[in-house]
Structures are given as C-alpha cells and as structure tokens.
Amino acid sequence: MNATKRLRVGAQVLAVAVLAACGGGSGDAPPPEWSEPVLLATTPGALSGMTAKEDASGAWTVAWWQPYPKPGSSGWLHRGAQGAWSSIPGVPVPAEPDRNSLAAFVTSPDGPLGALVFDDGYRFDEAAWVDTDPRPRHFEPFVRSAGVWQSQPEMAPGIPTPACVQSAASQGLCLLSDPADGYPRPAVLRFTPAQGWVRTAETLDMGADEVPNGAHIRLRSLAMNPEGDALAIWERGIFSTGVPLHTAYHFYQPATGWSALGVLPDVDTYTRQGAAIGTGAGSFMVPYVACTPNTPSSEAERPCAPGVARYTPSGGWQTLELVPRITVKPFYEPGYGASVRPIIRNPELHLGAAGQVLASWWVDSQQWSRVFHPQQGWGPVAAVQPSAPYIYAAHVDSEGNALIVDQQGVMRYSPQTGWRRIAPLPAGAAGNDVYGRLATIDSEGNVTLVWAKTVTAGGVTTSPIFTAQFKP
C-alpha cells in the first residue's frame, strides 16, 4: 500500500451504503461509516483561510486565520502520526482584514516549525487619507522552538502567495517571483529548524529576456522530492517582440545547486501547466494541456489534449498525451463573452508512497483518470462516474487501486471494476454553511476529513472546526 496525505474532519454519524464487490457478499460485514464528529476548535468570527500540510511521518497540521472580530487571531490544529489531535497557539501577530495573511508554513511530526506572514505595509489614517506606515510589502517570519513562537527580522519585499515546498527533513524552500513586487528575477527563501527563515544569495539565471521591457516570466509550479531535489517550472517569453511563450525549468540538487535554464520539450505554453510533483529518486512529473497551433487566440479551432511530462535522471524528459487530441472550438456565450468548448482542465497528479501516480482531469464536466506505475508505465483511461469538480485527497497503492475524496464523498477505483462511489460526505460536512474541507488518506486507505462551519447566533458569529474519519 502507498502512503499519501492524512487529514481528518468531523461531522455527524452517517451509515454509508457500499456496493457489493464481485456480485455480492454475505452481508455479515458492517457497512463502512463516518466516525462520530469531533469538535477540534471554535474560532471567534468567520475564518478567512484554513490550510493543511502533512509531514513525512504522516502527521498533519491545519492552520486557520481569522481577521474578524478585531483583533483577529490564528491557530494551529495538529494531528500526530498516531491520530491524536492537539491545539497550538497561533503566531504572535494579530490577523488584520485585507492587510496580512499566512503566506506559508513548515511542519514536522510535532507541529508547525516555521511560518511566513505576509503584510501589505499599509496602515491607513482615514482622517488624513494617508498611509502612516513607511514599510513596503514584507514578510514577518516566525520560528517555533520548544513550543514557543519567536519572531525574526522582517523581510522585504513580500508577496501574498509565494511558492513554497518542504522536504522530508522539515526544510522549507520558497521562490518569490513577481516583477511588479520588486523581484525582476527570482529570490530564494529557505527555512531550517536551526536557523529559521533566511533569504539566500542563490541566483537563478532566467536567460536573455529577463531584462528588456516586455519580458514575461511567471512561476507556474514548484515541487520538491523527499531527497530535497527541487523543480521550478516557468512560463517565459516576450509579448512585445512576438517571441512565443515557452515552458522553462530549473532543477535544484543540494550537492550542485540550481541548474542552467532548460526548456521543457513538446509542451505548448499558451495552454496551462498544472502543479508539478516530485516522484522520488530525482524524478518529477509536470501536467499540462497541449494544443496546436501554439497561439493565444480563442478564435482558432485547434486540437488539444491533457498530457504529462516526466523527468528521470537516466532518461531525461519524456512526454505523454493522456488521451488522443480533442478538437476545441470557439464559442460565444451572451453575457460571458468568448470561450471554447470543450474546456479541458489541467490534469491533477496525486503521488503514492512507492512512486505510483494518479492523474485526474476533466473535459467539460466529465472526469477521467489514469494510473502510473514506475515499472509498468501508464494504465488505461478510466471514466470517473459520477464526477465532482474538486478532489480533496487521493491515494493510490502498488496494485493500481485508488481512493479519492471529492466534493460528493469517497470513491474507489480498481483496474478490474473501474470507479464506484462508496460513501457520500458526512451530513455535517455538506451544506452552504461549510467554510472549507481538507482531507487526507493514510496507507491503509482510512480517510480523515476536516471542515469548518459558520454559525451565527444572537448576532455573534463563530466558526467551529470538526474532524471525522472514514474506514472503507
């Protein structure tokens, strides 16, 4: 079995009907069901953000950010590898509406170790209509040692959503790339438990078109494998001179540093690249949608297909289109403007512990999938019925069986029987009052779901956060 992520969410108890395998069963086995809901925390006011990250041990950390009522607050909920939950105080800075946010954090088996808080640098005096704070946009870095949060010197400039990843050793890497925010070339931030956050002197050569006016350089994805190797994927080119956009990349290895800029072969860049993943032993995968001709015009009819570029140290880059190309045609919808049909979404890649990968993509509202095995390669295309637009967690084992948690509940896949839904979401995790859902699946296929609800009573709003577990 392969390990993936772990998350847990609580809700009301629901018995879940299970489809009989291979023509039926004896009926002696009890149907799987969600556990009783567990209230993890109740925050004052409405949450503006809730994110989660898993450590290599299987421990899971949930961060919440709540700017109302003033002064705002934050906090952490940590689930150890054995399943016990604990509450950890938030970073020692008030959460302020529209001014700051939790930009990134690094976690460990014992909970969060480091956090970056983005601050827009404004403190507005409404009477004088002036900004009273001379600071630019910046980060407020924090490191947690012996259970206590300690602040570090501010770092400027900052951006709201830096691309950040962490290694199995709880070391963090962030790339800041946004010319409008003072980064004409990428800046590198690193985190170690011993030193906290450091802006390094590392440089990434972006090639000849990083300086002239009209340069277009955009970070599309950042991935890291357990060994600490990293891959940065860029959209790069110059609009004003007609130079076509293309997909470029940098590799990072601890022993040799950042590689020279490379160009990803066979990948058309006027479509989108999805989130890359590190698949172990120096290997990476990058999902994308390939279209021909390579043009930004939505008025051109062209064939497109979802694809995956895979890098291995021995074979370099190899690309695979997951399905035959589909003709995408221009479409005009009154009130919405020009579009295309069908809409092909970027594939999402979900990694198993032994290098298996579940690729999932949508063509309009229909979801499809394929499973990759490091030894056998790609399996057949399978239709996911019924499909849902968002996957919260996925797990794939060494036999190619998969499990996903989506907006409608839990689905299971086997190469012999295809996809089938084995459970809806628990009742407490469904509805318009649910703020967000986070999920993970352990090596045994046990699902943990976490969500928050918005509750208003007597004019007072709170956000209780729950967890529950589902055992298939």
# chains A, B, ... in the order shown; residues from 1 in each chain; ligands from 1
call {"tool": "residues_around", "arguments": {"residues": "Ser365 (chain A)", "least_positions_apart": "2", "cutoff": "12 Å", "atoms": "only C-alpha atoms", "output": "PDB file with all heavy atoms, in the first residue's frame"}}
result
ATOM      1  N   ARG A 341     -15.124  25.344 -26.377  1.00  0.00           N
ATOM      2  CA  ARG A 341     -15.767  24.101 -25.970  1.00  0.00           C
ATOM      3  C   ARG A 341     -15.120  22.952 -26.740  1.00  0.00           C
ATOM      4  O   ARG A 341     -14.911  23.057 -27.942  1.00  0.00           O
ATOM      5  CB  ARG A 341     -17.268  24.140 -26.268  1.00  0.00           C
ATOM      6  CG  ARG A 341     -18.059  25.100 -25.413  1.00  0.00           C
ATOM      7  CD  ARG A 341     -18.124  24.612 -23.952  1.00  0.00           C
ATOM      8  NE  ARG A 341     -19.017  25.458 -23.157  1.00  0.00           N
ATOM      9  CZ  ARG A 341     -18.669  26.589 -22.584  1.00  0.00           C
ATOM     10  NH1 ARG A 341     -17.416  27.015 -22.711  1.00  0.00           N
ATOM     11  NH2 ARG A 341     -19.534  27.287 -21.866  1.00  0.00           N
ATOM     12  N   PRO A 342     -14.810  21.850 -26.079  1.00  0.00           N
ATOM     13  CA  PRO A 342     -14.952  21.662 -24.634  1.00  0.00           C
ATOM     14  C   PRO A 342     -13.814  22.327 -23.868  1.00  0.00           C
ATOM     15  O   PRO A 342     -12.762  22.632 -24.444  1.00  0.00           O
ATOM     16  CB  PRO A 342     -14.888  20.140 -24.494  1.00  0.00           C
ATOM     17  CG  PRO A 342     -13.979  19.715 -25.606  1.00  0.00           C
ATOM     18  CD  PRO A 342     -14.300  20.628 -26.745  1.00  0.00           C
ATOM     19  N   ILE A 343     -14.013  22.530 -22.596  1.00  0.00           N
ATOM     20  CA  ILE A 343     -12.977  23.062 -21.722  1.00  0.00           C
ATOM     21  C   ILE A 343     -12.203  21.879 -21.138  1.00  0.00           C
ATOM     22  O   ILE A 343     -12.782  20.991 -20.512  1.00  0.00           O
ATOM     23  CB  ILE A 343     -13.584  23.922 -20.604  1.00  0.00           C
ATOM     24  CG1 ILE A 343     -14.261  25.158 -21.207  1.00  0.00           C
ATOM     25  CG2 ILE A 343     -12.510  24.332 -19.598  1.00  0.00           C
ATOM     26  CD1 ILE A 343     -15.002  26.006 -20.184  1.00  0.00           C
ATOM     27  N   ILE A 344     -10.894  21.869 -21.351  1.00  0.00           N
ATOM     28  CA  ILE A 344     -10.038  20.798 -20.843  1.00  0.00           C
ATOM     29  C   ILE A 344      -9.222  21.355 -19.675  1.00  0.00           C
ATOM     30  O   ILE A 344      -8.424  22.273 -19.855  1.00  0.00           O
ATOM     31  CB  ILE A 344      -9.097  20.264 -21.937  1.00  0.00           C
ATOM     32  CG1 ILE A 344      -9.901  19.794 -23.145  1.00  0.00           C
ATOM     33  CG2 ILE A 344      -8.240  19.125 -21.394  1.00  0.00           C
ATOM     34  CD1 ILE A 344      -9.037  19.363 -24.309  1.00  0.00           C
ATOM     35  N   ARG A 345      -9.446  20.820 -18.500  1.00  0.00           N
ATOM     36  CA  ARG A 345      -8.710  21.282 -17.326  1.00  0.00           C
ATOM     37  C   ARG A 345      -7.380  20.566 -17.216  1.00  0.00           C
ATOM     38  O   ARG A 345      -7.223  19.421 -17.658  1.00  0.00           O
ATOM     39  CB  ARG A 345      -9.534  21.043 -16.056  1.00  0.00           C
ATOM     40  CG  ARG A 345     -10.654  22.045 -15.865  1.00  0.00           C
ATOM     41  CD  ARG A 345     -11.536  21.694 -14.697  1.00  0.00           C
ATOM     42  NE  ARG A 345     -10.781  21.409 -13.478  1.00  0.00           N
ATOM     43  CZ  ARG A 345     -11.361  21.031 -12.346  1.00  0.00           C
ATOM     44  NH1 ARG A 345     -12.671  20.883 -12.274  1.00  0.00           N
ATOM     45  NH2 ARG A 345     -10.638  20.784 -11.265  1.00  0.00           N
ATOM     46  N   TRP A 361      -8.243  14.325 -14.717  1.00  0.00           N
ATOM     47  CA  TRP A 361      -8.509  15.541 -15.486  1.00  0.00           C
ATOM     48  C   TRP A 361      -9.972  15.573 -15.888  1.00  0.00           C
ATOM     49  O   TRP A 361     -10.686  14.575 -15.790  1.00  0.00           O
ATOM     50  CB  TRP A 361      -7.587  15.631 -16.700  1.00  0.00           C
ATOM     51  CG  TRP A 361      -7.854  14.616 -17.766  1.00  0.00           C
ATOM     52  CD1 TRP A 361      -8.623  14.764 -18.893  1.00  0.00           C
ATOM     53  CD2 TRP A 361      -7.359  13.273 -17.831  1.00  0.00           C
ATOM     54  NE1 TRP A 361      -8.639  13.618 -19.637  1.00  0.00           N
ATOM     55  CE2 TRP A 361      -7.875  12.681 -19.010  1.00  0.00           C
ATOM     56  CE3 TRP A 361      -6.529  12.508 -16.995  1.00  0.00           C
ATOM     57  CZ2 TRP A 361      -7.582  11.373 -19.366  1.00  0.00           C
ATOM     58  CZ3 TRP A 361      -6.248  11.210 -17.354  1.00  0.00           C
ATOM     59  CH2 TRP A 361      -6.769  10.653 -18.527  1.00  0.00           C
ATOM     60  N   TRP A 362     -10.432  16.747 -16.337  1.00  0.00           N
ATOM     61  CA  TRP A 362     -11.817  16.951 -16.730  1.00  0.00           C
ATOM     62  C   TRP A 362     -11.872  17.484 -18.163  1.00  0.00           C
ATOM     63  O   TRP A 362     -11.082  18.340 -18.547  1.00  0.00           O
ATOM     64  CB  TRP A 362     -12.505  17.968 -15.819  1.00  0.00           C
ATOM     65  CG  TRP A 362     -12.870  17.442 -14.469  1.00  0.00           C
ATOM     66  CD1 TRP A 362     -14.112  17.064 -14.035  1.00  0.00           C
ATOM     67  CD2 TRP A 362     -12.003  17.264 -13.350  1.00  0.00           C
ATOM     68  NE1 TRP A 362     -14.065  16.649 -12.724  1.00  0.00           N
ATOM     69  CE2 TRP A 362     -12.770  16.767 -12.277  1.00  0.00           C
ATOM     70  CE3 TRP A 362     -10.639  17.468 -13.150  1.00  0.00           C
ATOM     71  CZ2 TRP A 362     -12.243  16.481 -11.036  1.00  0.00           C
ATOM     72  CZ3 TRP A 362     -10.103  17.179 -11.912  1.00  0.00           C
ATOM     73  CH2 TRP A 362     -10.904  16.692 -10.876  1.00  0.00           C
ATOM     74  N   VAL A 363     -12.819  16.969 -18.939  1.00  0.00           N
ATOM     75  CA  VAL A 363     -13.199  17.539 -20.227  1.00  0.00           C
ATOM     76  C   VAL A 363     -14.641  17.982 -20.062  1.00  0.00           C
ATOM     77  O   VAL A 363     -15.545  17.152 -19.956  1.00  0.00           O
ATOM     78  CB  VAL A 363     -13.053  16.531 -21.372  1.00  0.00           C
ATOM     79  CG1 VAL A 363     -13.487  17.157 -22.686  1.00  0.00           C
ATOM     80  CG2 VAL A 363     -11.607  16.034 -21.461  1.00  0.00           C
ATOM     81  N   GLN A 367     -15.063  13.676 -15.792  1.00  0.00           N
ATOM     82  CA  GLN A 367     -13.762  13.420 -15.193  1.00  0.00           C
ATOM     83  C   GLN A 367     -13.199  12.095 -15.704  1.00  0.00           C
ATOM     84  O   GLN A 367     -13.934  11.118 -15.887  1.00  0.00           O
ATOM     85  CB  GLN A 367     -13.904  13.366 -13.663  1.00  0.00           C
ATOM     86  CG  GLN A 367     -12.596  13.195 -12.914  1.00  0.00           C
ATOM     87  CD  GLN A 367     -12.831  13.141 -11.413  1.00  0.00           C
ATOM     88  OE1 GLN A 367     -13.964  13.261 -10.947  1.00  0.00           O
ATOM     89  NE2 GLN A 367     -11.768  12.952 -10.653  1.00  0.00           N
ATOM     90  N   TRP A 368     -11.865  12.095 -15.921  1.00  0.00           N
ATOM     91  CA  TRP A 368     -11.160  10.910 -16.394  1.00  0.00           C
ATOM     92  C   TRP A 368      -9.925  10.683 -15.530  1.00  0.00           C
ATOM     93  O   TRP A 368      -9.454  11.597 -14.841  1.00  0.00           O
ATOM     94  CB  TRP A 368     -10.744  11.074 -17.853  1.00  0.00           C
ATOM     95  CG  TRP A 368     -11.881  11.346 -18.790  1.00  0.00           C
ATOM     96  CD1 TRP A 368     -12.429  12.571 -19.082  1.00  0.00           C
ATOM     97  CD2 TRP A 368     -12.626  10.393 -19.528  1.00  0.00           C
ATOM     98  NE1 TRP A 368     -13.470  12.436 -19.966  1.00  0.00           N
ATOM     99  CE2 TRP A 368     -13.613  11.102 -20.265  1.00  0.00           C
ATOM    100  CE3 TRP A 368     -12.565   9.006 -19.660  1.00  0.00           C
ATOM    101  CZ2 TRP A 368     -14.514  10.472 -21.100  1.00  0.00           C
ATOM    102  CZ3 TRP A 368     -13.455   8.370 -20.509  1.00  0.00           C
ATOM    103  CH2 TRP A 368     -14.419   9.099 -21.214  1.00  0.00           C
ATOM    104  N   ALA A 383     -13.163   6.358 -17.007  1.00  0.00           N
ATOM    105  CA  ALA A 383     -14.133   7.415 -16.725  1.00  0.00           C
ATOM    106  C   ALA A 383     -14.514   7.369 -15.260  1.00  0.00           C
ATOM    107  O   ALA A 383     -14.735   6.295 -14.697  1.00  0.00           O
ATOM    108  CB  ALA A 383     -15.373   7.241 -17.602  1.00  0.00           C
ATOM    109  N   VAL A 384     -14.578   8.546 -14.626  1.00  0.00           N
ATOM    110  CA  VAL A 384     -14.969   8.645 -13.219  1.00  0.00           C
ATOM    111  C   VAL A 384     -16.439   9.032 -13.187  1.00  0.00           C
ATOM    112  O   VAL A 384     -16.810  10.141 -13.572  1.00  0.00           O
ATOM    113  CB  VAL A 384     -14.108   9.682 -12.473  1.00  0.00           C
ATOM    114  CG1 VAL A 384     -14.456   9.687 -10.991  1.00  0.00           C
ATOM    115  CG2 VAL A 384     -12.630   9.367 -12.672  1.00  0.00           C
ATOM    116  N   GLN A 385     -17.285   8.109 -12.722  1.00  0.00           N
ATOM    117  CA  GLN A 385     -18.727   8.347 -12.692  1.00  0.00           C
ATOM    118  C   GLN A 385     -19.276   8.065 -11.297  1.00  0.00           C
ATOM    119  O   GLN A 385     -19.055   6.981 -10.761  1.00  0.00           O
ATOM    120  CB  GLN A 385     -19.442   7.436 -13.696  1.00  0.00           C
ATOM    121  CG  GLN A 385     -19.054   7.644 -15.131  1.00  0.00           C
ATOM    122  CD  GLN A 385     -19.662   8.900 -15.744  1.00  0.00           C
ATOM    123  OE1 GLN A 385     -20.315   9.677 -15.062  1.00  0.00           O
ATOM    124  NE2 GLN A 385     -19.439   9.107 -17.031  1.00  0.00           N
ATOM    125  N   PRO A 386     -20.038   8.981 -10.696  1.00  0.00           N
ATOM    126  CA  PRO A 386     -20.196  10.375 -11.124  1.00  0.00           C
ATOM    127  C   PRO A 386     -18.983  11.182 -10.682  1.00  0.00           C
ATOM    128  O   PRO A 386     -18.306  10.805  -9.742  1.00  0.00           O
ATOM    129  CB  PRO A 386     -21.456  10.816 -10.367  1.00  0.00           C
ATOM    130  CG  PRO A 386     -21.418  10.007  -9.110  1.00  0.00           C
ATOM    131  CD  PRO A 386     -20.822   8.670  -9.483  1.00  0.00           C
ATOM    132  N   SER A 387     -18.712  12.276 -11.352  1.00  0.00           N
ATOM    133  CA  SER A 387     -17.526  13.067 -11.049  1.00  0.00           C
ATOM    134  C   SER A 387     -17.903  14.314 -10.269  1.00  0.00           C
ATOM    135  O   SER A 387     -19.065  14.720 -10.224  1.00  0.00           O
ATOM    136  CB  SER A 387     -16.794  13.456 -12.329  1.00  0.00           C
ATOM    137  OG  SER A 387     -17.617  14.258 -13.148  1.00  0.00           O
ATOM    138  N   ALA A 388     -16.920  14.904  -9.616  1.00  0.00           N
ATOM    139  CA  ALA A 388     -17.087  16.156  -8.884  1.00  0.00           C
ATOM    140  C   ALA A 388     -15.910  17.050  -9.228  1.00  0.00           C
ATOM    141  O   ALA A 388     -14.818  16.569  -9.532  1.00  0.00           O
ATOM    142  CB  ALA A 388     -17.150  15.904  -7.376  1.00  0.00           C
ATOM    143  N   PRO A 389     -16.100  18.377  -9.207  1.00  0.00           N
ATOM    144  CA  PRO A 389     -15.056  19.264  -9.728  1.00  0.00           C
ATOM    145  C   PRO A 389     -13.817  19.401  -8.863  1.00  0.00           C
ATOM    146  O   PRO A 389     -12.796  19.868  -9.346  1.00  0.00           O
ATOM    147  CB  PRO A 389     -15.773  20.607  -9.867  1.00  0.00           C
ATOM    148  CG  PRO A 389     -16.933  20.531  -8.936  1.00  0.00           C
ATOM    149  CD  PRO A 389     -17.340  19.093  -8.896  1.00  0.00           C
ATOM    150  N   TYR A 390     -13.859  19.021  -7.587  1.00  0.00           N
ATOM    151  CA  TYR A 390     -12.697  19.228  -6.732  1.00  0.00           C
ATOM    152  C   TYR A 390     -12.353  17.933  -6.004  1.00  0.00           C
ATOM    153  O   TYR A 390     -13.220  17.266  -5.437  1.00  0.00           O
ATOM    154  CB  TYR A 390     -12.945  20.336  -5.717  1.00  0.00           C
ATOM    155  CG  TYR A 390     -13.133  21.689  -6.357  1.00  0.00           C
ATOM    156  CD1 TYR A 390     -14.395  22.248  -6.459  1.00  0.00           C
ATOM    157  CD2 TYR A 390     -12.047  22.389  -6.884  1.00  0.00           C
ATOM    158  CE1 TYR A 390     -14.579  23.489  -7.058  1.00  0.00           C
ATOM    159  CE2 TYR A 390     -12.228  23.620  -7.490  1.00  0.00           C
ATOM    160  CZ  TYR A 390     -13.494  24.166  -7.570  1.00  0.00           C
ATOM    161  OH  TYR A 390     -13.673  25.378  -8.180  1.00  0.00           O
TER     162      TYR A 390
END
call {"tool": "select_by_dssp", "arguments": {"residues": "region 311-445 of chain A", "states": "strand (DSSP E)", "output": "MDAnalysis selection string"}}
result
chainID A and resid 311:312 316:321 326:333 337:341 348:351 357:363 366:373 377:378 382:384 391:396 402:406 409:414 418:424 434:441
call {"tool": "atom_distance", "arguments": {"atom1": "CA of Leu349 (chain A)", "atom2": "CA of Val410 (chain A)"}}
result
17.6 Å
call {"tool": "residues_around", "arguments": {"residues": "region 41-44 of chain A", "least_positions_apart": "2", "cutoff": "12 Å", "atoms": "only C-alpha atoms", "output": "PyMOL selection string"}}
result
chain A and resi 9-10+38-39+46-50+62-78+85-90+450-456+460-467
call {"tool": "atom_distance", "arguments": {"atom1": "CA of Glu321 (chain A)", "atom2": "CA of Asp266 (chain A)"}}
result
10.1 Å
call {"tool": "residues_around", "arguments": {"residues": "Ala260 (chain A)", "least_positions_apart": "5", "cutoff": "8 Å", "atoms": "only C-alpha atoms", "output": "number ranges by chain"}}
result
A: 204-205, 250-251
call {"tool": "atom_distance", "arguments": {"atom1": "CA of Gly379 (chain A)", "atom2": "CA of Asp55 (chain A)"}}
result
29.1 Å
